[in-house]
>>> print(open('upload_13.cif').read())   # mmCIF, C-alpha atoms and all ligand atoms
data_structure
#
loop_
_atom_site.group_PDB
_atom_site.id
_atom_site.type_symbol
_atom_site.label_atom_id
_atom_site.label_comp_id
_atom_site.auth_asym_id
_atom_site.auth_seq_id
_atom_site.Cartn_x
_atom_site.Cartn_y
_atom_site.Cartn_z
ATOM 1 C CA MET A 1 108.655 67.209 117.339
ATOM 2 C CA GLN A 2 106.334 70.103 116.664
ATOM 3 C CA ILE A 3 107.369 72.502 113.886
ATOM 4 C CA HIS A 4 106.035 76.053 113.987
ATOM 5 C CA PRO A 5 106.677 78.654 111.284
ATOM 6 C CA SER A 6 104.297 81.161 112.900
ATOM 7 C CA ILE A 7 105.021 83.298 115.988
ATOM 8 C CA PRO A 8 101.496 83.118 117.472
ATOM 9 C CA ASP A 9 101.332 79.332 117.000
ATOM 10 C CA LEU A 10 104.730 78.930 118.626
ATOM 11 C CA ARG A 11 103.702 81.077 121.598
ATOM 12 C CA LEU A 12 100.587 78.969 122.107
ATOM 13 C CA ALA A 13 102.576 75.754 121.855
ATOM 14 C CA LEU A 14 105.052 76.924 124.502
ATOM 15 C CA GLN A 15 102.506 77.667 127.208
ATOM 16 C CA GLY A 16 102.868 75.625 130.402
ATOM 17 C CA ARG A 17 106.065 73.896 129.256
ATOM 18 C CA GLY A 18 108.162 74.382 132.387
ATOM 19 C CA ARG A 19 111.767 75.477 131.986
ATOM 20 C CA ILE A 20 112.393 76.173 128.303
ATOM 21 C CA VAL A 21 115.955 75.893 126.976
ATOM 22 C CA PHE A 22 116.463 77.443 123.572
ATOM 23 C CA VAL A 23 119.070 76.665 120.903
ATOM 24 C CA PRO A 24 119.003 79.144 117.993
ATOM 25 C CA THR A 25 120.659 77.940 114.767
ATOM 26 C CA MET A 26 120.898 78.764 111.098
ATOM 27 C CA GLY A 27 120.332 75.118 110.137
ATOM 28 C CA ASN A 28 122.663 72.816 108.196
ATOM 29 C CA LEU A 29 123.012 70.960 111.452
ATOM 30 C CA HIS A 30 125.981 68.791 112.363
ATOM 31 C CA ALA A 31 127.153 66.935 115.472
ATOM 32 C CA GLY A 32 128.211 70.240 117.061
ATOM 33 C CA HIS A 33 124.609 71.481 116.987
ATOM 34 C CA ILE A 34 123.306 68.155 118.287
ATOM 35 C CA ALA A 35 125.698 68.450 121.253
ATOM 36 C CA LEU A 36 124.075 71.845 121.997
ATOM 37 C CA MET A 37 120.624 70.193 121.876
ATOM 38 C CA ASN A 38 121.817 67.525 124.319
ATOM 39 C CA GLU A 39 123.201 70.216 126.622
ATOM 40 C CA ALA A 40 119.809 71.954 126.443
ATOM 41 C CA ARG A 41 117.978 68.714 127.221
ATOM 42 C CA ALA A 42 120.057 68.301 130.398
ATOM 43 C CA ARG A 43 119.245 71.864 131.500
ATOM 44 C CA GLY A 44 115.461 72.042 131.358
ATOM 45 C CA ASP A 45 112.044 70.568 130.621
ATOM 46 C CA THR A 46 111.469 71.635 127.027
ATOM 47 C CA VAL A 47 114.048 72.039 124.270
ATOM 48 C CA VAL A 48 113.201 74.595 121.593
ATOM 49 C CA ALA A 49 115.440 74.959 118.538
ATOM 50 C CA SER A 50 115.139 77.536 115.799
ATOM 51 C CA ILE A 51 116.328 77.510 112.203
ATOM 52 C CA PHE A 52 116.600 80.890 110.519
ATOM 53 C CA VAL A 53 119.310 82.134 108.158
ATOM 54 C CA ASN A 54 119.459 85.719 109.342
ATOM 55 C CA ARG A 55 120.174 88.118 106.495
ATOM 56 C CA LEU A 56 120.914 90.947 108.965
ATOM 57 C CA GLN A 57 124.167 89.349 110.104
ATOM 58 C CA PHE A 58 125.614 88.799 106.616
ATOM 59 C CA GLY A 59 127.599 91.523 104.863
ATOM 60 C CA PRO A 60 127.350 92.181 101.113
ATOM 61 C CA ASN A 61 130.418 89.966 100.471
ATOM 62 C CA ASP A 62 129.357 87.209 102.883
ATOM 63 C CA ASP A 63 127.797 83.889 101.942
ATOM 64 C CA PHE A 64 124.082 84.551 102.653
ATOM 65 C CA GLU A 65 122.875 83.267 99.276
ATOM 66 C CA ARG A 66 125.017 80.144 99.221
ATOM 67 C CA TYR A 67 124.716 79.326 102.944
ATOM 68 C CA PRO A 68 123.690 75.631 102.925
ATOM 69 C CA ARG A 69 119.959 75.136 103.499
ATOM 70 C CA THR A 70 119.062 71.544 104.401
ATOM 71 C CA PHE A 71 115.725 71.882 106.167
ATOM 72 C CA GLN A 72 114.350 68.333 105.863
ATOM 73 C CA ASP A 73 117.591 66.754 106.929
ATOM 74 C CA ASP A 74 117.810 69.213 109.857
ATOM 75 C CA CYS A 75 114.289 68.299 111.001
ATOM 76 C CA ASP A 76 115.202 64.592 110.992
ATOM 77 C CA LYS A 77 118.294 65.276 113.105
ATOM 78 C CA LEU A 78 116.402 67.458 115.591
ATOM 79 C CA ALA A 79 113.625 64.890 115.948
ATOM 80 C CA ALA A 80 116.239 62.158 116.531
ATOM 81 C CA ALA A 81 117.819 64.385 119.211
ATOM 82 C CA ALA A 82 114.424 64.561 120.985
ATOM 83 C CA VAL A 83 114.018 68.308 120.454
ATOM 84 C CA ASP A 84 110.465 69.175 121.465
ATOM 85 C CA VAL A 85 109.673 72.211 119.345
ATOM 86 C CA LEU A 86 111.258 73.759 116.252
ATOM 87 C CA PHE A 87 110.632 77.388 115.374
ATOM 88 C CA ALA A 88 111.284 77.794 111.650
ATOM 89 C CA PRO A 89 110.006 81.200 110.545
ATOM 90 C CA SER A 90 110.128 82.596 107.026
ATOM 91 C CA GLU A 91 111.854 85.923 106.484
ATOM 92 C CA SER A 92 108.497 87.673 106.273
ATOM 93 C CA GLU A 93 107.421 86.139 109.595
ATOM 94 C CA LEU A 94 110.498 87.397 111.451
ATOM 95 C CA TYR A 95 110.959 90.626 109.481
ATOM 96 C CA PRO A 96 107.443 91.569 108.286
ATOM 97 C CA GLU A 97 108.697 95.122 107.875
ATOM 98 C CA PRO A 98 112.276 96.345 107.399
ATOM 99 C CA GLN A 99 114.036 96.071 110.774
ATOM 100 C CA GLN A 100 114.796 99.627 111.933
ATOM 101 C CA TYR A 101 115.500 99.000 115.598
ATOM 102 C CA TYR A 102 118.803 97.255 116.279
ATOM 103 C CA VAL A 103 120.860 96.090 119.225
ATOM 104 C CA ASP A 104 124.185 97.888 118.842
ATOM 105 C CA PRO A 105 126.853 96.018 120.840
ATOM 106 C CA PRO A 106 129.807 97.978 122.283
ATOM 107 C CA GLY A 107 133.277 98.466 120.773
ATOM 108 C CA ILE A 108 134.225 94.785 120.745
ATOM 109 C CA GLN A 109 131.768 94.344 117.854
ATOM 110 C CA HIS A 110 134.311 96.145 115.635
ATOM 111 C CA GLN A 111 137.272 93.995 116.673
ATOM 112 C CA LEU A 112 138.395 90.456 115.806
ATOM 113 C CA ASP A 113 135.620 88.983 113.629
ATOM 114 C CA GLY A 114 133.780 92.300 113.720
ATOM 115 C CA GLU A 115 136.686 94.054 112.008
ATOM 116 C CA PHE A 116 136.331 91.731 109.029
ATOM 117 C CA ARG A 117 132.525 91.400 109.126
ATOM 118 C CA PRO A 118 131.193 94.930 109.740
ATOM 119 C CA GLY A 119 127.665 94.854 111.160
ATOM 120 C CA HIS A 120 127.791 91.123 111.869
ATOM 121 C CA PHE A 121 127.397 91.258 115.649
ATOM 122 C CA ARG A 122 124.734 93.945 115.414
ATOM 123 C CA GLY A 123 122.758 91.583 113.174
ATOM 124 C CA VAL A 124 123.335 88.629 115.494
ATOM 125 C CA ALA A 125 122.394 90.545 118.666
ATOM 126 C CA THR A 126 119.285 91.969 117.011
ATOM 127 C CA VAL A 127 117.920 88.643 115.798
ATOM 128 C CA VAL A 128 118.772 86.867 119.049
ATOM 129 C CA LEU A 129 116.986 89.509 121.144
ATOM 130 C CA LYS A 130 114.002 89.141 118.842
ATOM 131 C CA LEU A 131 114.104 85.331 119.095
ATOM 132 C CA PHE A 132 114.431 85.603 122.888
ATOM 133 C CA ASN A 133 111.318 87.805 122.967
ATOM 134 C CA ILE A 134 109.400 85.318 120.853
ATOM 135 C CA VAL A 135 110.462 82.097 122.614
ATOM 136 C CA GLN A 136 110.904 83.578 126.130
ATOM 137 C CA PRO A 137 113.239 80.810 127.284
ATOM 138 C CA GLN A 138 114.713 80.476 130.759
ATOM 139 C CA ALA A 139 118.071 79.444 129.270
ATOM 140 C CA ALA A 140 119.786 79.463 125.880
ATOM 141 C CA VAL A 141 122.767 77.508 124.564
ATOM 142 C CA PHE A 142 125.345 78.863 122.093
ATOM 143 C CA GLY A 143 128.475 77.092 120.877
ATOM 144 C CA LYS A 144 131.886 78.189 122.113
ATOM 145 C CA LYS A 145 133.241 77.883 118.582
ATOM 146 C CA ASP A 146 131.659 81.287 117.962
ATOM 147 C CA TYR A 147 133.412 82.606 121.050
ATOM 148 C CA GLN A 148 132.931 86.294 120.314
ATOM 149 C CA GLN A 149 129.256 85.759 119.540
ATOM 150 C CA LEU A 150 128.787 83.940 122.854
ATOM 151 C CA MET A 151 130.463 86.807 124.731
ATOM 152 C CA VAL A 152 128.413 89.487 122.959
ATOM 153 C CA LEU A 153 125.157 87.634 123.653
ATOM 154 C CA ARG A 154 126.045 86.859 127.273
ATOM 155 C CA ASN A 155 126.837 90.519 127.929
ATOM 156 C CA MET A 156 123.725 91.721 126.076
ATOM 157 C CA THR A 157 121.565 89.397 128.165
ATOM 158 C CA ARG A 158 123.129 90.617 131.412
ATOM 159 C CA GLN A 159 123.018 94.330 130.551
ATOM 160 C CA MET A 160 119.446 94.161 129.289
ATOM 161 C CA ALA A 161 118.444 92.239 132.449
ATOM 162 C CA LEU A 162 116.902 89.436 130.422
ATOM 163 C CA PRO A 163 115.942 86.558 132.768
ATOM 164 C CA ILE A 164 117.823 84.009 130.643
ATOM 165 C CA ASP A 165 120.874 81.885 131.553
ATOM 166 C CA VAL A 166 123.308 81.951 128.650
ATOM 167 C CA ILE A 167 125.182 78.646 128.452
ATOM 168 C CA GLY A 168 128.314 78.008 126.383
ATOM 169 C CA GLY A 169 128.453 74.588 124.689
ATOM 170 C CA GLU A 170 131.844 72.961 124.030
ATOM 171 C CA THR A 171 133.133 72.828 120.459
ATOM 172 C CA VAL A 172 132.785 69.450 118.770
ATOM 173 C CA ARG A 173 135.743 68.416 116.617
ATOM 174 C CA ALA A 174 136.404 65.862 113.910
ATOM 175 C CA ASP A 175 138.938 63.134 114.762
ATOM 176 C CA ASP A 176 141.733 65.232 113.251
ATOM 177 C CA GLY A 177 140.818 68.241 115.421
ATOM 178 C CA LEU A 178 138.952 70.396 112.893
ATOM 179 C CA ALA A 179 136.054 72.181 114.594
ATOM 180 C CA LEU A 180 132.753 71.118 113.037
ATOM 181 C CA SER A 181 131.181 73.950 111.059
ATOM 182 C CA SER A 182 128.621 74.305 108.301
ATOM 183 C CA ARG A 183 131.265 76.210 106.364
ATOM 184 C CA ASN A 184 133.530 73.133 106.227
ATOM 185 C CA ALA A 185 131.269 72.085 103.342
ATOM 186 C CA TYR A 186 133.001 74.741 101.203
ATOM 187 C CA LEU A 187 136.395 72.961 101.530
ATOM 188 C CA SER A 188 137.826 70.851 98.679
ATOM 189 C CA ALA A 189 139.351 67.491 99.643
ATOM 190 C CA ALA A 190 142.849 69.000 99.672
ATOM 191 C CA GLU A 191 141.689 71.981 101.765
ATOM 192 C CA ARG A 192 139.890 69.657 104.170
ATOM 193 C CA ALA A 193 143.176 67.807 104.709
ATOM 194 C CA GLU A 194 144.941 71.116 105.405
ATOM 195 C CA ALA A 195 142.217 72.602 107.626
ATOM 196 C CA PRO A 196 143.187 71.005 110.991
ATOM 197 C CA ARG A 197 146.377 73.102 110.929
ATOM 198 C CA LEU A 198 144.373 76.029 112.330
ATOM 199 C CA GLN A 199 143.491 74.145 115.487
ATOM 200 C CA ARG A 200 146.985 72.641 115.842
ATOM 201 C CA ILE A 201 148.530 76.101 115.782
ATOM 202 C CA LEU A 202 146.060 77.474 118.343
ATOM 203 C CA ARG A 203 146.693 74.528 120.649
ATOM 204 C CA ARG A 204 150.431 75.052 120.327
ATOM 205 C CA ILE A 205 150.092 78.724 121.281
ATOM 206 C CA ALA A 206 147.944 77.765 124.273
ATOM 207 C CA THR A 207 150.574 75.269 125.404
ATOM 208 C CA GLU A 208 153.364 77.826 125.015
ATOM 209 C CA ILE A 209 151.461 80.439 127.028
ATOM 210 C CA SER A 210 150.665 77.887 129.731
ATOM 211 C CA ALA A 211 154.404 77.182 129.896
ATOM 212 C CA GLY A 212 155.134 80.871 130.421
ATOM 213 C CA ALA A 213 155.499 82.434 126.942
ATOM 214 C CA ALA A 214 154.613 86.114 127.325
ATOM 215 C CA ASP A 215 155.309 87.742 123.943
ATOM 216 C CA PHE A 216 151.771 87.365 122.628
ATOM 217 C CA ALA A 217 152.337 89.672 119.659
ATOM 218 C CA ARG A 218 155.154 87.460 118.392
ATOM 219 C CA LEU A 219 153.076 84.291 118.851
ATOM 220 C CA GLU A 220 150.202 85.897 116.921
ATOM 221 C CA ARG A 221 152.464 87.099 114.103
ATOM 222 C CA ASP A 222 154.288 83.782 113.737
ATOM 223 C CA ALA A 223 151.018 81.826 113.679
ATOM 224 C CA ALA A 224 149.476 84.030 110.982
ATOM 225 C CA ALA A 225 152.668 83.781 108.896
ATOM 226 C CA GLU A 226 152.736 79.987 109.256
ATOM 227 C CA LEU A 227 149.122 79.679 108.117
ATOM 228 C CA ASP A 228 149.693 82.000 105.170
ATOM 229 C CA ARG A 229 152.769 80.001 104.115
ATOM 230 C CA HIS A 230 150.436 77.003 103.801
ATOM 231 C CA GLY A 231 147.973 78.788 101.534
ATOM 232 C CA TRP A 232 145.680 80.425 104.086
ATOM 233 C CA LYS A 233 144.729 84.100 104.123
ATOM 234 C CA THR A 234 144.615 84.981 107.778
ATOM 235 C CA ASP A 235 142.353 87.711 109.156
ATOM 236 C CA TYR A 236 143.664 87.492 112.718
ATOM 237 C CA VAL A 237 145.253 85.328 115.370
ATOM 238 C CA ALA A 238 144.748 86.969 118.763
ATOM 239 C CA VAL A 239 145.362 86.207 122.417
ATOM 240 C CA ARG A 240 142.605 87.855 124.457
ATOM 241 C CA GLN A 241 140.967 87.786 127.888
ATOM 242 C CA GLN A 242 138.152 85.231 128.021
ATOM 243 C CA ALA A 243 135.701 87.463 129.864
ATOM 244 C CA ASP A 244 135.610 90.488 127.549
ATOM 245 C CA LEU A 245 137.964 89.617 124.668
ATOM 246 C CA GLN A 246 140.070 92.663 125.431
ATOM 247 C CA VAL A 247 143.842 92.599 124.947
ATOM 248 C CA PRO A 248 145.368 91.158 128.162
ATOM 249 C CA ASP A 249 146.111 94.114 130.429
ATOM 250 C CA GLY A 250 149.517 92.866 131.520
ATOM 251 C CA ALA A 251 148.514 92.400 135.162
ATOM 252 C CA GLY A 252 148.320 88.632 134.674
ATOM 253 C CA GLY A 253 145.985 86.131 136.220
ATOM 254 C CA GLN A 254 142.994 86.544 133.869
ATOM 255 C CA PRO A 255 141.906 83.466 131.921
ATOM 256 C CA LEU A 256 142.940 83.830 128.292
ATOM 257 C CA VAL A 257 141.763 82.457 124.972
ATOM 258 C CA VAL A 258 143.512 82.369 121.617
ATOM 259 C CA LEU A 259 141.223 82.997 118.658
ATOM 260 C CA ALA A 260 141.734 82.981 114.910
ATOM 261 C CA ALA A 261 139.951 83.481 111.619
ATOM 262 C CA SER A 262 141.533 82.517 108.349
ATOM 263 C CA ARG A 263 140.419 81.812 104.808
ATOM 264 C CA LEU A 264 141.224 78.533 103.111
ATOM 265 C CA GLY A 265 139.984 78.535 99.529
ATOM 266 C CA SER A 266 136.468 79.908 99.648
ATOM 267 C CA ALA A 267 135.855 78.957 103.293
ATOM 268 C CA ARG A 268 136.449 81.365 106.149
ATOM 269 C CA LEU A 269 137.178 79.234 109.209
ATOM 270 C CA ILE A 270 137.223 80.404 112.817
ATOM 271 C CA ASP A 271 138.391 78.566 115.889
ATOM 272 C CA ASN A 272 139.635 79.192 119.414
ATOM 273 C CA VAL A 273 141.312 77.417 122.304
ATOM 274 C CA GLU A 274 140.847 78.448 125.925
ATOM 275 C CA ILE A 275 144.048 78.649 127.943
ATOM 276 C CA THR A 276 143.274 76.973 131.208
ATOM 277 C CA THR A 277 146.540 77.375 133.051
ATOM 278 C CA GLY A 278 149.428 79.792 133.015
ATOM 279 C CA SER A 279 149.911 83.285 134.281
ATOM 280 C CA GLY A 280 148.439 85.317 131.435
ATOM 281 C CA ARG A 281 151.658 87.328 131.870
HETATM 282 O O1 LIG B 301 125.399 80.971 115.530
HETATM 283 C C1 LIG B 301 124.457 81.057 114.726
HETATM 284 O O2 LIG B 301 124.074 80.084 114.063
HETATM 285 C C2 LIG B 301 123.774 82.386 114.523
HETATM 286 O O3 LIG B 301 124.670 83.441 114.597
HETATM 287 C C3 LIG B 301 122.570 82.608 115.472
HETATM 288 C C4 LIG B 301 123.023 82.674 116.930
HETATM 289 C C5 LIG B 301 121.566 81.501 115.288
HETATM 290 C C6 LIG B 301 121.893 83.960 115.151
HETATM 291 O O4 LIG B 301 121.425 83.989 113.833
#
>>> encode(input="upload_13.cif", output="structure tokens")
Amino acid sequence: MQIHPSIPDLRLALQGRGRIVFVPTMGNLHAGHIALMNEARARGDTVVASIFVNRLQFGPNDDFERYPRTFQDDCDKLAAAAVDVLFAPSESELYPEPQQYYVDPPGIQHQLDGEFRPGHFRGVATVVLKLFNIVQPQAAVFGKKDYQQLMVLRNMTRQMALPIDVIGGETVRADDGLALSSRNAYLSAAERAEAPRLQRILRRIATEISAGAADFARLERDAAAELDRHGWKTDYVAVRQQADLQVPDGAGGQPLVVLAASRLGSARLIDNVEITTGSGR
């Protein structure tokens, strides 16, 4: 695997590589990331990964400083996954001057995760557009665990007419159902044992909606209360339309997804479950 910290070197290395599939990451890679690399491998000729912990998408109370940085270990995992090229820029390479031009996503950036992480999706969209311009891939893979991020980036790519297929990779889970995440490292042993509750509750809501439950507000409220009774501090549990993450319009028929973010100890965990059947009201 080639490793390039410099933009010009990367550009040279990517010439004549056929269909490039790109997987941007912030490092601290786990099996969920490797599944994205495998998806990328199946979709093109050259797999390019990036590792960059993007300060722009962290708020002042977020975990930028303590975000786990495990570069050597990450390189070993990417090489083992047959990734062809790793772009690993320093902050001064990607932001040689203060970034003054941003991608400002529409209203959804202030809802769900955006309500609790102001500026987050603006920071994500900005760095991803910049990475897209540097790597110039034909396709890019993002995990469905960050469902709102995937939607924001898919819509940005379409509206900006970028010639890039945005592909959603399935969430990888531990045996007990917990979605793999770098932030799981913040959980104590007792919290780790409690953590799968989030996914169990989301699955239960999905099953109830598939079976015809229509009072989404009650399902959301009850789920948040149940989590909080078990020591969580819940930001939101929300049933939304898959395509745009808007509140279901009541007409029925649209595919739905139930999403949640909740804090357990010092970890803020997010997860979601797509609802594949049912009326959506
Ligand atoms: O999902 C992530 O790891 C990050 O938000 C991304 C897409 C690499 C942008 O920094």
>>> closest_residue(input="upload_13.cif", among="A:Ala49, A:Ala223, A:Val103, A:Ala251", to="ligand LIG 301 (chain B)", atoms="only C-alpha atoms and all ligand atoms")
A:Ala49
>>> closest_atom_pairs(input="upload_13.cif", of="chain A", to="ligand LIG 301 (chain B)", cutoff="10 Å", atoms="all atoms listed in the file", output="CSV")
residue,atom,partner,partner_atom,distance
A:Val23,CA,B:LIG301,C5,7.8
A:Pro24,CA,B:LIG301,C5,4.4
A:Thr25,CA,B:LIG301,C5,3.7
A:Met26,CA,B:LIG301,O2,4.5
A:Gly27,CA,B:LIG301,O2,7.4
A:Asn28,CA,B:LIG301,O2,9.4
A:Leu29,CA,B:LIG301,O2,9.5
A:His33,CA,B:LIG301,O2,9.1
A:Ala49,CA,B:LIG301,C5,9.5
A:Ser50,CA,B:LIG301,C5,7.6
A:Ile51,CA,B:LIG301,C5,7.3
A:Phe52,CA,B:LIG301,O4,6.6
A:Val53,CA,B:LIG301,O4,6.3
A:Asn54,CA,B:LIG301,O4,5.2
A:Arg55,CA,B:LIG301,O4,8.5
A:Leu56,CA,B:LIG301,O4,8.5
A:Gln57,CA,B:LIG301,O4,7.1
A:Phe58,CA,B:LIG301,O4,9.6
A:His120,CA,B:LIG301,O3,8.7
A:Phe121,CA,B:LIG301,O3,8.3
A:Gly123,CA,B:LIG301,O4,7.7
A:Val124,CA,B:LIG301,C6,4.9
A:Ala125,CA,B:LIG301,C6,7.5
A:Thr126,CA,B:LIG301,C6,8.6
A:Val127,CA,B:LIG301,O4,6.1
A:Val128,CA,B:LIG301,C6,5.8
A:Leu129,CA,B:LIG301,C6,9.5
A:Leu131,CA,B:LIG301,C6,8.8
A:Val141,CA,B:LIG301,C4,9.2
A:Phe142,CA,B:LIG301,C4,6.8
A:Gly143,CA,B:LIG301,O1,7.3
A:Lys144,CA,B:LIG301,O1,9.7
A:Lys145,CA,B:LIG301,O1,9.0
A:Asp146,CA,B:LIG301,O1,6.7
A:Tyr147,CA,B:LIG301,O1,9.9
A:Gln149,CA,B:LIG301,O3,7.1
A:Leu150,CA,B:LIG301,C4,8.4
A:Leu153,CA,B:LIG301,C4,8.6
A:Ser181,CA,B:LIG301,O2,9.9
A:Ser182,CA,B:LIG301,O2,9.3
>>> resolve_selection(input="upload_13.cif", expression="the PyMOL selection byres (((chain A and resi 75-92) around 7) and not hetatm)", output="list in words")
Met1, Gln2, Ile3, His4, Pro5, Ser6, Leu10, Ile34, Met37, Thr46, Val47, Val48, Ala49, Ser50, Ile51, Phe52, Phe71, Gln72, Asp73, Asp74, Glu93, Leu94, Tyr95 and Pro96 of chain A
>>> atom_distance(input="upload_13.cif", atom1="CA of Asn272 (chain A)", atom2="CA of Asp215 (chain A)")
18.4 Å
>>> residues_around(input="upload_13.cif", residues="Ser188 (chain A)", least_positions_apart="3", cutoff="10 Å", atoms="all atoms listed in the file", output="PyMOL selection string")
chain A and resi 184-185+191-194+264-267
>>> write_last_selection(input="upload_13.cif", atoms="C-alpha atoms", output="PDB file, keeping the file's coordinate frame")
ATOM      1  CA  ASN A 184     133.530  73.133 106.227  1.00  0.00           C
ATOM      2  CA  ALA A 185     131.269  72.085 103.342  1.00  0.00           C
ATOM      3  CA  GLU A 191     141.689  71.981 101.765  1.00  0.00           C
ATOM      4  CA  ARG A 192     139.890  69.657 104.170  1.00  0.00           C
ATOM      5  CA  ALA A 193     143.176  67.807 104.709  1.00  0.00           C
ATOM      6  CA  GLU A 194     144.941  71.116 105.405  1.00  0.00           C
ATOM      7  CA  LEU A 264     141.224  78.533 103.111  1.00  0.00           C
ATOM      8  CA  GLY A 265     139.984  78.535  99.529  1.00  0.00           C
ATOM      9  CA  SER A 266     136.468  79.908  99.648  1.00  0.00           C
ATOM     10  CA  ALA A 267     135.855  78.957 103.293  1.00  0.00           C
TER      11      ALA A 267
END
>>> closest_residue(input="upload_13.cif", among="A:Gln109, A:Thr171, A:Gln100, A:Gln138", to="Thr157 (chain A)", atoms="only C-alpha atoms")
A:Gln138
>>> atom_distance(input="upload_13.cif", atom1="CA of Asp244 (chain A)", atom2="CA of Leu227 (chain A)")
26.0 Å
>>> atom_distance(input="upload_13.cif", atom1="CA of Glu220 (chain A)", atom2="CA of Val237 (chain A)")
5.2 Å
>>> closest_residue(input="upload_13.cif", among="A:Arg154, A:Phe216, A:Arg122, A:Pro68", to="Asp249 (chain A)", atoms="all atoms listed in the file")
A:Phe216
>>> closest_residue(input="upload_13.cif", among="A:Leu180, A:Leu245, A:Leu36, A:Ile7", to="Gly168 (chain A)", atoms="all atoms listed in the file")
A:Leu36
>>> closest_residue(input="upload_13.cif", among="A:Val172, A:Ala179, A:Val135, A:Arg240", to="Ala13 (chain A)", atoms="all atoms listed in the file")
A:Val135
>>> closest_residue(input="upload_13.cif", among="A:Leu12, A:Ile209, A:Val273, A:Ala238", to="Ala261 (chain A)", atoms="all atoms listed in the file")
A:Ala238
>>> residues_around(input="upload_13.cif", residues="Leu202 (chain A)", least_positions_apart="2", cutoff="8 Å", atoms="all atoms listed in the file", output="PyMOL selection string")
chain A and resi 198-200+204-206+258-260+272-273
>>> axis_aligned_box(input="upload_13.cif", around="region 140-153 of chain A", padding_each_side="4 Å", output="AutoDock Vina command-line options")
--center_x 126.6 --center_y 83.3 --center_z 121.9 --size_x 21.6 --size_y 20.4 --size_z 15.9
>>> resolve_selection(input="upload_13.cif", expression="the PyMOL selection byres (((chain A and resi 210) around 12) and not hetatm)", output="list in words")
Arg203, Arg204, Ile205, Ala206, Thr207, Glu208, Ile209, Ala211, Gly212, Ala213, Ala214, Phe216, Gly253, Pro255, Leu256, Val257, Val258, Val273, Glu274, Ile275, Thr276, Thr277, Gly278, Ser279, Gly280 and Arg281 of chain A
